[in-house]
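In what follows, a single structure is set out as structure tokens and then discussed.
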Amino acid sequence: MKKILFIDRDGTIIREPEDEQIDSFEKLQFVPRTISSLAFLRQHSDYEFVMVSNQDGLGTPAFPEDTFWPVQNFIIDTLRGEGVEFDDILIDPHFPADNAPTRKPQTGLVEKYMTNPDYDIARSYVIGDRKTDRQFAENIGCGFLQIDPADPTSWERAVAIAYGGERAAEVRRTTKETDISVRLDLDGNGRCNIDTGLGFFDHMLEQIGKHGGIDLDIHVRGDLHVDEHHTIEDTALALGECILKALGDKRGIERYGYSLPMDDCLCQVALDFGGRPWLVWDAEFHRERIGEMPTEMFLHFFKSLSDAAKMNLNIKAEGQNEHHKIEGIFKALARSLKMAVRRDVYHYELPSTKGTL
């Protein structure tokens, strides 16, 4: 079945001016990395390209067509010259107040694709910069890839997902001692929703999401009336399993990571997603607890995480403040994860001479 990239124009392919009307060449500026990104996807994927754009009042005295088409044709010709061909171009001229069924986020312009059984809409994407583009994707029933014209890496992330697939996973681990659900997206924005019943543990896990750029949902019901051991260790196992699942075949990843200081502490976390779990732990704590979390459980957490994610972890920390020390370790882990899971679709191969990870 065919897949489609429904691609917005203003704010996605080209920058959108304050008046939201590109009616002269003086206002025309391509969003960084747009052309190379689209050229790569056109050459290396089997998506059809469909431009879908709202152009408020096109054809009215406020926006005459003779000011629109020269710029539009130049955009299309420029992209075509770099190997980017559109299979369809759909433009809606209505104002928002018209409530037209063809104006995004309404789906009137693309109904012909949604109702055609030859198209795999669920595996298609909208690429856009606005909330209305996200809503458009939801109304269509496909994925959404966010472009930020001010962030030159946003096109890089969009290409990685469109070409290499999403790296989101969910794991449910239920025993007589704990009931744990973990959901994450390695290509997220650091959004976290965490509740383990242990406030300090929640705070540490949030460091992984926030500083690793990983969307992370963790919900735990554990036998805290007994002690904290099962909750902490089983959460690590579920999180590690979820990371491993989200990594998939690991093609294109950087594989390795390392990092960082925090105030009086120097915390180093080196990791390798080479498929062989191992933990080297060089950190001492002189308090029995930090918050509700026993310091003896720190080693257990990272050992279980290493085992379940099949990664080599080498952790070293030195310093005086115990809180800073463990928080620095979690932040260093997050930065190491962010570095190691970064994906380069332009060199989409296993980072190993063995041919397997």
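Identifiers in this document derive from the order of the structure tokens: chains are assigned A, B, ..., residues are numbered from 1 separately in each chain, and ligands are numbered from 1 in order of occurrence.
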
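Every protein or nucleic acid residue with an atom no more than 10 Å from Phe68 in chain A, counting only C-alpha atoms and leaving out same-chain residues fewer than 6 positions away, appears here: Gln21, Ile22, Asp23, Ser24, Phe25, Gln55, Leu58 and Gly59 of chain A.
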
Which of range 30-138 of chain A DSSP labels alpha helix (DSSP H), written as a PDB file with N, CA, C and O atoms, in the first residue's frame:
```
ATOM      1  N   THR A  34      15.319  22.170   4.627  1.00  0.00           N
ATOM      2  CA  THR A  34      14.093  21.647   4.012  1.00  0.00           C
ATOM      3  C   THR A  34      14.396  20.929   2.702  1.00  0.00           C
ATOM      4  O   THR A  34      13.960  19.793   2.483  1.00  0.00           O
ATOM      5  N   ILE A  35      15.120  21.585   1.829  1.00  0.00           N
ATOM      6  CA  ILE A  35      15.327  21.045   0.484  1.00  0.00           C
ATOM      7  C   ILE A  35      16.114  19.743   0.541  1.00  0.00           C
ATOM      8  O   ILE A  35      15.729  18.742  -0.084  1.00  0.00           O
ATOM      9  N   SER A  36      17.207  19.708   1.307  1.00  0.00           N
ATOM     10  CA  SER A  36      18.008  18.485   1.396  1.00  0.00           C
ATOM     11  C   SER A  36      17.218  17.354   2.046  1.00  0.00           C
ATOM     12  O   SER A  36      17.346  16.193   1.663  1.00  0.00           O
ATOM     13  N   SER A  37      16.368  17.697   3.032  1.00  0.00           N
ATOM     14  CA  SER A  37      15.573  16.673   3.717  1.00  0.00           C
ATOM     15  C   SER A  37      14.532  16.065   2.783  1.00  0.00           C
ATOM     16  O   SER A  37      14.375  14.846   2.702  1.00  0.00           O
ATOM     17  N   LEU A  38      13.822  16.929   2.068  1.00  0.00           N
ATOM     18  CA  LEU A  38      12.808  16.425   1.138  1.00  0.00           C
ATOM     19  C   LEU A  38      13.458  15.642  -0.002  1.00  0.00           C
ATOM     20  O   LEU A  38      12.915  14.625  -0.459  1.00  0.00           O
ATOM     21  N   ALA A  39      14.627  16.111  -0.460  1.00  0.00           N
ATOM     22  CA  ALA A  39      15.321  15.398  -1.535  1.00  0.00           C
ATOM     23  C   ALA A  39      15.729  14.004  -1.092  1.00  0.00           C
ATOM     24  O   ALA A  39      15.618  13.028  -1.848  1.00  0.00           O
ATOM     25  N   PHE A  40      16.187  13.889   0.164  1.00  0.00           N
ATOM     26  CA  PHE A  40      16.565  12.574   0.682  1.00  0.00           C
ATOM     27  C   PHE A  40      15.351  11.649   0.737  1.00  0.00           C
ATOM     28  O   PHE A  40      15.417  10.490   0.295  1.00  0.00           O
ATOM     29  N   LEU A  41      14.245  12.143   1.272  1.00  0.00           N
ATOM     30  CA  LEU A  41      13.051  11.305   1.385  1.00  0.00           C
ATOM     31  C   LEU A  41      12.499  10.931   0.019  1.00  0.00           C
ATOM     32  O   LEU A  41      12.020   9.813  -0.191  1.00  0.00           O
ATOM     33  N   ARG A  42      12.584  11.855  -0.927  1.00  0.00           N
ATOM     34  CA  ARG A  42      12.077  11.560  -2.266  1.00  0.00           C
ATOM     35  C   ARG A  42      12.916  10.471  -2.937  1.00  0.00           C
ATOM     36  O   ARG A  42      12.390   9.608  -3.651  1.00  0.00           O
ATOM     37  N   GLN A  43      14.221  10.510  -2.682  1.00  0.00           N
ATOM     38  CA  GLN A  43      15.123   9.552  -3.329  1.00  0.00           C
ATOM     39  C   GLN A  43      15.117   8.204  -2.630  1.00  0.00           C
ATOM     40  O   GLN A  43      15.212   7.158  -3.292  1.00  0.00           O
ATOM     41  N   HIS A  44      15.004   8.191  -1.317  1.00  0.00           N
ATOM     42  CA  HIS A  44      15.235   6.964  -0.565  1.00  0.00           C
ATOM     43  C   HIS A  44      13.980   6.333   0.032  1.00  0.00           C
ATOM     44  O   HIS A  44      14.076   5.283   0.685  1.00  0.00           O
ATOM     45  N   GLU A  65      -4.199  36.645  -7.148  1.00  0.00           N
ATOM     46  CA  GLU A  65      -3.497  35.438  -7.604  1.00  0.00           C
ATOM     47  C   GLU A  65      -2.197  35.763  -8.329  1.00  0.00           C
ATOM     48  O   GLU A  65      -1.244  34.978  -8.277  1.00  0.00           O
ATOM     49  N   ASP A  66      -2.136  36.920  -8.980  1.00  0.00           N
ATOM     50  CA  ASP A  66      -0.917  37.229  -9.726  1.00  0.00           C
ATOM     51  C   ASP A  66       0.260  37.579  -8.816  1.00  0.00           C
ATOM     52  O   ASP A  66       1.394  37.705  -9.285  1.00  0.00           O
ATOM     53  N   THR A  67       0.011  37.730  -7.507  1.00  0.00           N
ATOM     54  CA  THR A  67       1.121  37.890  -6.562  1.00  0.00           C
ATOM     55  C   THR A  67       1.497  36.557  -5.916  1.00  0.00           C
ATOM     56  O   THR A  67       2.570  36.444  -5.318  1.00  0.00           O
ATOM     57  N   PHE A  68       0.615  35.569  -6.022  1.00  0.00           N
ATOM     58  CA  PHE A  68       0.862  34.258  -5.394  1.00  0.00           C
ATOM     59  C   PHE A  68       1.597  33.307  -6.329  1.00  0.00           C
ATOM     60  O   PHE A  68       2.595  32.692  -5.950  1.00  0.00           O
ATOM     61  N   TRP A  69       1.115  33.169  -7.567  1.00  0.00           N
ATOM     62  CA  TRP A  69       1.613  32.107  -8.437  1.00  0.00           C
ATOM     63  C   TRP A  69       3.073  32.245  -8.854  1.00  0.00           C
ATOM     64  O   TRP A  69       3.783  31.235  -8.938  1.00  0.00           O
ATOM     65  N   PRO A  70       3.594  33.441  -9.097  1.00  0.00           N
ATOM     66  CA  PRO A  70       5.034  33.506  -9.425  1.00  0.00           C
ATOM     67  C   PRO A  70       5.913  32.953  -8.307  1.00  0.00           C
ATOM     68  O   PRO A  70       6.878  32.227  -8.585  1.00  0.00           O
ATOM     69  N   VAL A  71       5.589  33.282  -7.053  1.00  0.00           N
ATOM     70  CA  VAL A  71       6.362  32.766  -5.920  1.00  0.00           C
ATOM     71  C   VAL A  71       6.146  31.263  -5.776  1.00  0.00           C
ATOM     72  O   VAL A  71       7.102  30.492  -5.579  1.00  0.00           O
ATOM     73  N   GLN A  72       4.895  30.823  -5.878  1.00  0.00           N
ATOM     74  CA  GLN A  72       4.589  29.396  -5.765  1.00  0.00           C
ATOM     75  C   GLN A  72       5.310  28.595  -6.840  1.00  0.00           C
ATOM     76  O   GLN A  72       5.919  27.553  -6.558  1.00  0.00           O
ATOM     77  N   ASN A  73       5.278  29.077  -8.060  1.00  0.00           N
ATOM     78  CA  ASN A  73       5.935  28.357  -9.156  1.00  0.00           C
ATOM     79  C   ASN A  73       7.452  28.318  -8.969  1.00  0.00           C
ATOM     80  O   ASN A  73       8.097  27.311  -9.297  1.00  0.00           O
ATOM     81  N   PHE A  74       8.012  29.392  -8.421  1.00  0.00           N
ATOM     82  CA  PHE A  74       9.453  29.414  -8.153  1.00  0.00           C
ATOM     83  C   PHE A  74       9.814  28.371  -7.096  1.00  0.00           C
ATOM     84  O   PHE A  74      10.837  27.673  -7.220  1.00  0.00           O
ATOM     85  N   ILE A  75       8.986  28.262  -6.055  1.00  0.00           N
ATOM     86  CA  ILE A  75       9.219  27.260  -5.005  1.00  0.00           C
ATOM     87  C   ILE A  75       9.201  25.860  -5.609  1.00  0.00           C
ATOM     88  O   ILE A  75      10.105  25.045  -5.371  1.00  0.00           O
ATOM     89  N   ILE A  76       8.187  25.568  -6.402  1.00  0.00           N
ATOM     90  CA  ILE A  76       8.047  24.241  -7.005  1.00  0.00           C
ATOM     91  C   ILE A  76       9.195  23.955  -7.964  1.00  0.00           C
ATOM     92  O   ILE A  76       9.765  22.851  -7.958  1.00  0.00           O
ATOM     93  N   ASP A  77       9.575  24.942  -8.764  1.00  0.00           N
ATOM     94  CA  ASP A  77      10.672  24.750  -9.721  1.00  0.00           C
ATOM     95  C   ASP A  77      12.006  24.546  -8.996  1.00  0.00           C
ATOM     96  O   ASP A  77      12.831  23.730  -9.429  1.00  0.00           O
ATOM     97  N   THR A  78      12.220  25.278  -7.914  1.00  0.00           N
ATOM     98  CA  THR A  78      13.457  25.134  -7.137  1.00  0.00           C
ATOM     99  C   THR A  78      13.552  23.740  -6.540  1.00  0.00           C
ATOM    100  O   THR A  78      14.598  23.080  -6.613  1.00  0.00           O
ATOM    101  N   LEU A  79      12.463  23.266  -5.963  1.00  0.00           N
ATOM    102  CA  LEU A  79      12.447  21.924  -5.379  1.00  0.00           C
ATOM    103  C   LEU A  79      12.618  20.860  -6.452  1.00  0.00           C
ATOM    104  O   LEU A  79      13.348  19.880  -6.262  1.00  0.00           O
ATOM    105  N   ARG A  80      11.967  21.060  -7.591  1.00  0.00           N
ATOM    106  CA  ARG A  80      12.089  20.087  -8.673  1.00  0.00           C
ATOM    107  C   ARG A  80      13.535  19.998  -9.150  1.00  0.00           C
ATOM    108  O   ARG A  80      14.038  18.915  -9.467  1.00  0.00           O
ATOM    109  N   GLY A  81      14.219  21.121  -9.166  1.00  0.00           N
ATOM    110  CA  GLY A  81      15.612  21.126  -9.576  1.00  0.00           C
ATOM    111  C   GLY A  81      16.519  20.345  -8.644  1.00  0.00           C
ATOM    112  O   GLY A  81      17.614  19.930  -9.026  1.00  0.00           O
ATOM    113  N   GLU A 111      -9.832  13.997   1.205  1.00  0.00           N
ATOM    114  CA  GLU A 111     -10.773  12.873   1.343  1.00  0.00           C
ATOM    115  C   GLU A 111     -10.509  11.792   0.304  1.00  0.00           C
ATOM    116  O   GLU A 111     -10.675  10.599   0.560  1.00  0.00           O
ATOM    117  N   LYS A 112     -10.071  12.193  -0.875  1.00  0.00           N
ATOM    118  CA  LYS A 112      -9.842  11.209  -1.942  1.00  0.00           C
ATOM    119  C   LYS A 112      -8.745  10.218  -1.566  1.00  0.00           C
ATOM    120  O   LYS A 112      -8.741   9.086  -2.048  1.00  0.00           O
ATOM    121  N   TYR A 113      -7.817  10.629  -0.719  1.00  0.00           N
ATOM    122  CA  TYR A 113      -6.779   9.709  -0.248  1.00  0.00           C
ATOM    123  C   TYR A 113      -7.276   8.881   0.932  1.00  0.00           C
ATOM    124  O   TYR A 113      -6.966   7.694   1.038  1.00  0.00           O
ATOM    125  N   MET A 114      -8.057   9.516   1.801  1.00  0.00           N
ATOM    126  CA  MET A 114      -8.542   8.830   3.001  1.00  0.00           C
ATOM    127  C   MET A 114      -9.495   7.689   2.669  1.00  0.00           C
ATOM    128  O   MET A 114      -9.562   6.688   3.387  1.00  0.00           O
ATOM    129  N   LYS A 131      -0.318  24.022  15.329  1.00  0.00           N
ATOM    130  CA  LYS A 131      -1.251  23.137  16.031  1.00  0.00           C
ATOM    131  C   LYS A 131      -2.335  22.644  15.075  1.00  0.00           C
ATOM    132  O   LYS A 131      -2.820  21.515  15.212  1.00  0.00           O
ATOM    133  N   THR A 132      -2.721  23.497  14.130  1.00  0.00           N
ATOM    134  CA  THR A 132      -3.744  23.077  13.166  1.00  0.00           C
ATOM    135  C   THR A 132      -3.238  21.950  12.274  1.00  0.00           C
ATOM    136  O   THR A 132      -4.017  21.108  11.824  1.00  0.00           O
ATOM    137  N   ASP A 133      -1.922  21.919  12.023  1.00  0.00           N
ATOM    138  CA  ASP A 133      -1.359  20.811  11.245  1.00  0.00           C
ATOM    139  C   ASP A 133      -1.423  19.513  12.052  1.00  0.00           C
ATOM    140  O   ASP A 133      -1.692  18.438  11.497  1.00  0.00           O
ATOM    141  N   ARG A 134      -1.159  19.629  13.344  1.00  0.00           N
ATOM    142  CA  ARG A 134      -1.283  18.442  14.208  1.00  0.00           C
ATOM    143  C   ARG A 134      -2.732  17.955  14.234  1.00  0.00           C
ATOM    144  O   ARG A 134      -2.998  16.754  14.155  1.00  0.00           O
ATOM    145  N   GLN A 135      -3.664  18.898  14.351  1.00  0.00           N
ATOM    146  CA  GLN A 135      -5.079  18.520  14.356  1.00  0.00           C
ATOM    147  C   GLN A 135      -5.480  17.928  13.012  1.00  0.00           C
ATOM    148  O   GLN A 135      -6.268  16.973  12.945  1.00  0.00           O
ATOM    149  N   PHE A 136      -4.924  18.458  11.951  1.00  0.00           N
ATOM    150  CA  PHE A 136      -5.163  17.932  10.602  1.00  0.00           C
ATOM    151  C   PHE A 136      -4.736  16.466  10.536  1.00  0.00           C
ATOM    152  O   PHE A 136      -5.468  15.611  10.013  1.00  0.00           O
ATOM    153  N   ALA A 137      -3.570  16.164  11.086  1.00  0.00           N
ATOM    154  CA  ALA A 137      -3.083  14.774  11.104  1.00  0.00           C
ATOM    155  C   ALA A 137      -4.023  13.883  11.900  1.00  0.00           C
ATOM    156  O   ALA A 137      -4.339  12.758  11.495  1.00  0.00           O
ATOM    157  N   GLU A 138      -4.477  14.366  13.053  1.00  0.00           N
ATOM    158  CA  GLU A 138      -5.404  13.575  13.870  1.00  0.00           C
ATOM    159  C   GLU A 138      -6.707  13.339  13.130  1.00  0.00           C
ATOM    160  O   GLU A 138      -7.283  12.238  13.192  1.00  0.00           O
TER     161      GLU A 138
END
```

Write out as a list in words which residues come within 9 Å of Val159 in chain A when counting only C-alpha atoms, dropping same-chain ones fewer than 2 positions away.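 Non-adjacent residues within range: Ser37, Leu38, Phe40, Leu41, Leu145, Ser154, Trp155, Glu156, Arg157, Ile161, Ala162, Tyr163, Gly164 and Val345 of chain A.
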
For Glu318 in chain A, please output as a PDB file with N, CA and C atoms, in the first residue's frame all residues within 10 Å (counting only C-alpha atoms; exclusion window: fewer than 6 positions along the same chain).
```pdb
ATOM      1  N   PRO A 261      29.515  17.412  34.796  1.00  0.00           N
ATOM      2  CA  PRO A 261      29.696  17.901  36.163  1.00  0.00           C
ATOM      3  C   PRO A 261      28.405  18.482  36.724  1.00  0.00           C
ATOM      4  N   ASP A 264      29.643  20.603  42.892  1.00  0.00           N
ATOM      5  CA  ASP A 264      30.880  20.053  43.457  1.00  0.00           C
ATOM      6  C   ASP A 264      31.193  18.654  42.946  1.00  0.00           C
ATOM      7  N   CYS A 265      30.289  18.084  42.155  1.00  0.00           N
ATOM      8  CA  CYS A 265      30.420  16.676  41.763  1.00  0.00           C
ATOM      9  C   CYS A 265      30.832  16.546  40.294  1.00  0.00           C
ATOM     10  N   LEU A 266      31.598  15.517  40.044  1.00  0.00           N
ATOM     11  CA  LEU A 266      31.912  15.137  38.671  1.00  0.00           C
ATOM     12  C   LEU A 266      31.329  13.752  38.446  1.00  0.00           C
ATOM     13  N   CYS A 267      30.370  13.678  37.536  1.00  0.00           N
ATOM     14  CA  CYS A 267      29.654  12.422  37.287  1.00  0.00           C
ATOM     15  C   CYS A 267      29.869  12.024  35.833  1.00  0.00           C
ATOM     16  N   GLN A 268      30.339  10.824  35.650  1.00  0.00           N
ATOM     17  CA  GLN A 268      30.617  10.337  34.305  1.00  0.00           C
ATOM     18  C   GLN A 268      29.829   9.054  34.059  1.00  0.00           C
ATOM     19  N   ASP A 282      31.335   2.981  40.240  1.00  0.00           N
ATOM     20  CA  ASP A 282      32.361   3.586  41.086  1.00  0.00           C
ATOM     21  C   ASP A 282      31.784   4.850  41.710  1.00  0.00           C
ATOM     22  N   ALA A 283      30.937   4.661  42.698  1.00  0.00           N
ATOM     23  CA  ALA A 283      30.300   5.783  43.387  1.00  0.00           C
ATOM     24  C   ALA A 283      29.943   5.348  44.809  1.00  0.00           C
ATOM     25  N   GLU A 284      30.310   6.152  45.770  1.00  0.00           N
ATOM     26  CA  GLU A 284      30.022   5.842  47.170  1.00  0.00           C
ATOM     27  C   GLU A 284      29.089   6.893  47.757  1.00  0.00           C
ATOM     28  N   PHE A 285      28.176   6.411  48.585  1.00  0.00           N
ATOM     29  CA  PHE A 285      27.232   7.307  49.254  1.00  0.00           C
ATOM     30  C   PHE A 285      27.295   7.046  50.749  1.00  0.00           C
ATOM     31  N   HIS A 324      23.478  15.976  45.005  1.00  0.00           N
ATOM     32  CA  HIS A 324      24.066  16.381  43.726  1.00  0.00           C
ATOM     33  C   HIS A 324      24.717  15.208  43.010  1.00  0.00           C
ATOM     34  N   LYS A 325      25.307  14.335  43.787  1.00  0.00           N
ATOM     35  CA  LYS A 325      26.039  13.221  43.190  1.00  0.00           C
ATOM     36  C   LYS A 325      25.103  12.293  42.413  1.00  0.00           C
ATOM     37  N   ILE A 326      24.003  11.889  43.047  1.00  0.00           N
ATOM     38  CA  ILE A 326      23.113  10.951  42.353  1.00  0.00           C
ATOM     39  C   ILE A 326      22.322  11.668  41.254  1.00  0.00           C
ATOM     40  N   GLY A 328      23.445  14.125  39.500  1.00  0.00           N
ATOM     41  CA  GLY A 328      24.407  14.255  38.414  1.00  0.00           C
ATOM     42  C   GLY A 328      24.538  12.973  37.624  1.00  0.00           C
TER      43      GLY A 328
END
```

DSSP on the backbone, strand (DSSP E or B) only: what residues of range 55-292 of chain A does that give? Format it as a PyMOL selection string. chain A and resi 60+63+88-92+119+125-128+143-146+168-174+178-185+192-195+215-222+253+256-257+261-262+265-272+278-282+289-290

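With only C-alpha atoms as the atoms that count, the minimum distance from Asp227 in chain A to the choices A:Gly199, A:Pro351, A:Pro32, A:Pro294 is reached by A:Pro294.
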
For CA of Thr102 in chain A and CA of Thr115 in chain A, determine how far apart the two atoms are, in Å to one decimal place.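 If I compute the distance from CA of Thr102 in chain A to CA of Thr115 in chain A, I get 15.3 Å.
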
Residue contacts of range 201-205 of chain A (7 Å, only C-alpha atoms) excluding same-chain residues fewer than 4 positions away, as an mmCIF file with N, CA, C and O atoms, in the first residue's frame:
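Written file, selection-v1.cif:
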```cif
data_model
loop_
_atom_site.group_PDB
_atom_site.id
_atom_site.type_symbol
_atom_site.label_atom_id
_atom_site.label_comp_id
_atom_site.auth_asym_id
_atom_site.auth_seq_id
_atom_site.Cartn_x
_atom_site.Cartn_y
_atom_site.Cartn_z
ATOM 1 N N ILE A 194 5.388 10.951 35.536
ATOM 2 C CA ILE A 194 5.985 9.869 36.321
ATOM 3 C C ILE A 194 5.393 9.823 37.715
ATOM 4 O O ILE A 194 5.292 10.841 38.403
ATOM 5 N N ASP A 195 4.992 8.636 38.131
ATOM 6 C CA ASP A 195 4.461 8.432 39.485
ATOM 7 C C ASP A 195 4.830 7.027 39.942
ATOM 8 O O ASP A 195 4.215 6.051 39.529
ATOM 9 N N THR A 196 5.841 6.946 40.794
ATOM 10 C CA THR A 196 6.271 5.651 41.329
ATOM 11 C C THR A 196 5.873 5.465 42.789
ATOM 12 O O THR A 196 6.069 4.394 43.343
ATOM 13 N N GLY A 209 14.159 11.767 31.236
ATOM 14 C CA GLY A 209 13.315 12.278 30.167
ATOM 15 C C GLY A 209 13.707 13.678 29.743
ATOM 16 O O GLY A 209 13.924 13.945 28.556
ATOM 17 N N MET A 293 14.426 7.381 49.073
ATOM 18 C CA MET A 293 15.133 6.376 48.292
ATOM 19 C C MET A 293 16.395 5.908 49.012
ATOM 20 O O MET A 293 17.310 6.706 49.268
ATOM 21 N N GLU A 327 21.958 12.923 41.491
ATOM 22 C CA GLU A 327 21.252 13.652 40.439
ATOM 23 C C GLU A 327 22.169 13.858 39.239
ATOM 24 O O GLU A 327 21.737 13.757 38.083
ATOM 25 N N PHE A 330 22.172 10.652 37.193
ATOM 26 C CA PHE A 330 20.982 10.495 36.362
ATOM 27 C C PHE A 330 21.004 11.460 35.177
ATOM 28 O O PHE A 330 20.609 11.096 34.058
#
```

For Arg342 in chain A, work out the shell of residues within 9 Å, counting only C-alpha atoms and skipping chain neighbours fewer than 6 positions away, then give it as a ChimeraX atom specification. /A:186-187,252-255

Top pick for closest residue to Val110 in chain A, considering A:Ala238, A:Leu5, A:Cys192, A:Val31 and counting only C-alpha atoms: A:Leu5

Could you check which of A:His211, A:Lys354, A:Arg167, A:Lys176 is closest to Gly274 in chain A, using only C-alpha atoms?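 So, comparing all the options, the nearest one is A:Lys354.
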
Which one of A:Ala62, A:Leu313, A:Val84, A:Leu184 sits closest to Val280 in chain A if you count only C-alpha atoms? A:Leu313

Excluding Val182 in chain A and residues on its chain fewer than 6 positions from it, collect all residues at most 9 Å away from it, counting only C-alpha atoms, and give them as JSON, numbers by chain. {"A": [169, 170, 171, 172, 173, 216, 217, 218, 219, 220, 235, 238, 239, 242]}

The selected residues should be written to file as a CSV table (one decimal), in the first residue's frame (atoms: all heavy atoms).
```csv
chain,number,residue,atom,x,y,z
A,169,ALA,N,7.8,2.9,22.4
A,169,ALA,CA,7.5,1.6,22.9
A,169,ALA,C,6.8,1.7,24.2
A,169,ALA,O,6.8,2.7,24.9
A,169,ALA,CB,8.8,0.8,23.1
A,170,GLU,N,6.1,0.6,24.5
A,170,GLU,CA,5.4,0.5,25.8
A,170,GLU,C,5.6,-0.9,26.4
A,170,GLU,O,5.6,-1.9,25.7
A,170,GLU,CB,3.9,0.7,25.5
A,170,GLU,CG,3.0,0.8,26.8
A,170,GLU,CD,1.6,1.2,26.5
A,170,GLU,OE1,1.3,1.5,25.3
A,170,GLU,OE2,0.8,1.3,27.5
A,171,VAL,N,5.8,-0.9,27.7
A,171,VAL,CA,6.0,-2.2,28.4
A,171,VAL,C,5.2,-2.2,29.7
A,171,VAL,O,5.1,-1.2,30.4
A,171,VAL,CB,7.5,-2.3,28.8
A,171,VAL,CG1,7.7,-3.5,29.8
A,171,VAL,CG2,8.4,-2.6,27.6
A,172,ARG,N,4.5,-3.3,29.9
A,172,ARG,CA,3.8,-3.5,31.2
A,172,ARG,C,4.4,-4.7,31.9
A,172,ARG,O,4.6,-5.8,31.3
A,172,ARG,CB,2.3,-3.8,30.8
A,172,ARG,CG,1.4,-4.0,32.1
A,172,ARG,CD,1.1,-2.6,32.7
A,172,ARG,NE,0.2,-2.8,33.9
A,172,ARG,CZ,-1.1,-2.6,33.8
A,172,ARG,NH1,-1.7,-2.3,32.6
A,172,ARG,NH2,-1.8,-2.7,34.9
A,173,ARG,N,4.8,-4.5,33.1
A,173,ARG,CA,5.4,-5.5,33.9
A,173,ARG,C,4.6,-5.7,35.2
A,173,ARG,O,4.5,-4.8,36.0
A,173,ARG,CB,6.9,-5.2,34.3
A,173,ARG,CG,7.6,-6.2,35.2
A,173,ARG,CD,8.9,-5.7,35.6
A,173,ARG,NE,9.6,-6.6,36.6
A,173,ARG,CZ,10.2,-7.7,36.3
A,173,ARG,NH1,10.4,-8.0,35.1
A,173,ARG,NH2,10.7,-8.4,37.3
A,216,LEU,N,8.5,10.4,28.4
A,216,LEU,CA,8.5,9.3,29.4
A,216,LEU,C,7.3,9.3,30.3
A,216,LEU,O,7.1,10.3,31.0
A,216,LEU,CB,9.8,9.4,30.2
A,216,LEU,CG,10.3,8.3,31.1
A,216,LEU,CD1,10.4,7.0,30.3
A,216,LEU,CD2,11.6,8.6,31.8
A,217,ASP,N,6.6,8.2,30.2
A,217,ASP,CA,5.5,8.0,31.1
A,217,ASP,C,5.7,6.7,31.9
A,217,ASP,O,5.9,5.6,31.4
A,217,ASP,CB,4.1,7.8,30.4
A,217,ASP,CG,3.7,9.1,29.7
A,217,ASP,OD1,3.1,9.9,30.4
A,217,ASP,OD2,3.9,9.2,28.5
A,218,ILE,N,5.8,6.9,33.2
A,218,ILE,CA,6.0,5.7,34.1
A,218,ILE,C,5.0,5.8,35.3
A,218,ILE,O,4.9,6.8,36.0
A,218,ILE,CB,7.5,5.7,34.7
A,218,ILE,CG1,8.5,5.7,33.6
A,218,ILE,CG2,7.7,4.6,35.7
A,218,ILE,CD1,9.9,5.8,34.1
A,219,HIS,N,4.3,4.7,35.4
A,219,HIS,CA,3.3,4.6,36.5
A,219,HIS,C,3.5,3.3,37.2
A,219,HIS,O,3.6,2.2,36.6
A,219,HIS,CB,1.9,4.7,36.0
A,219,HIS,CG,1.6,6.0,35.3
A,219,HIS,ND1,1.3,7.2,36.1
A,219,HIS,CD2,1.7,6.4,34.0
A,219,HIS,CE1,1.2,8.2,35.2
A,219,HIS,NE2,1.4,7.8,34.0
A,220,VAL,N,3.7,3.4,38.6
A,220,VAL,CA,4.1,2.2,39.3
A,220,VAL,C,3.2,2.0,40.6
A,220,VAL,O,2.9,3.0,41.3
A,220,VAL,CB,5.5,2.3,39.8
A,220,VAL,CG1,5.9,1.0,40.6
A,220,VAL,CG2,6.5,2.5,38.7
A,235,THR,N,11.1,-1.2,38.3
A,235,THR,CA,11.0,0.0,37.4
A,235,THR,C,12.2,0.0,36.5
A,235,THR,O,12.0,0.3,35.3
A,235,THR,CB,10.9,1.3,38.2
A,235,THR,OG1,9.7,1.3,39.0
A,235,THR,CG2,10.8,2.5,37.3
A,238,ALA,N,11.7,-2.6,33.8
A,238,ALA,CA,10.7,-2.3,32.8
A,238,ALA,C,11.2,-1.1,31.9
A,238,ALA,O,11.0,-1.2,30.7
A,238,ALA,CB,9.4,-1.9,33.5
A,239,LEU,N,11.9,-0.2,32.5
A,239,LEU,CA,12.4,1.0,31.7
A,239,LEU,C,13.5,0.5,30.7
A,239,LEU,O,13.5,0.8,29.5
A,239,LEU,CB,13.0,2.0,32.6
A,239,LEU,CG,13.7,3.2,31.9
A,239,LEU,CD1,12.7,4.0,31.0
A,239,LEU,CD2,14.3,4.2,33.0
A,242,CYS,N,11.9,-1.3,27.9
A,242,CYS,CA,11.2,-0.4,27.0
A,242,CYS,C,12.2,0.3,26.1
A,242,CYS,O,12.0,0.5,24.9
A,242,CYS,CB,10.4,0.6,27.8
A,242,CYS,SG,9.0,1.3,26.9
```

Between CA of Gly355 in chain A and CA of Lys310 in chain A, what is the distance, to one decimal in Å?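 CA of Lys310 in chain A lies at a distance of 16.6 Å from CA of Gly355 in chain A.
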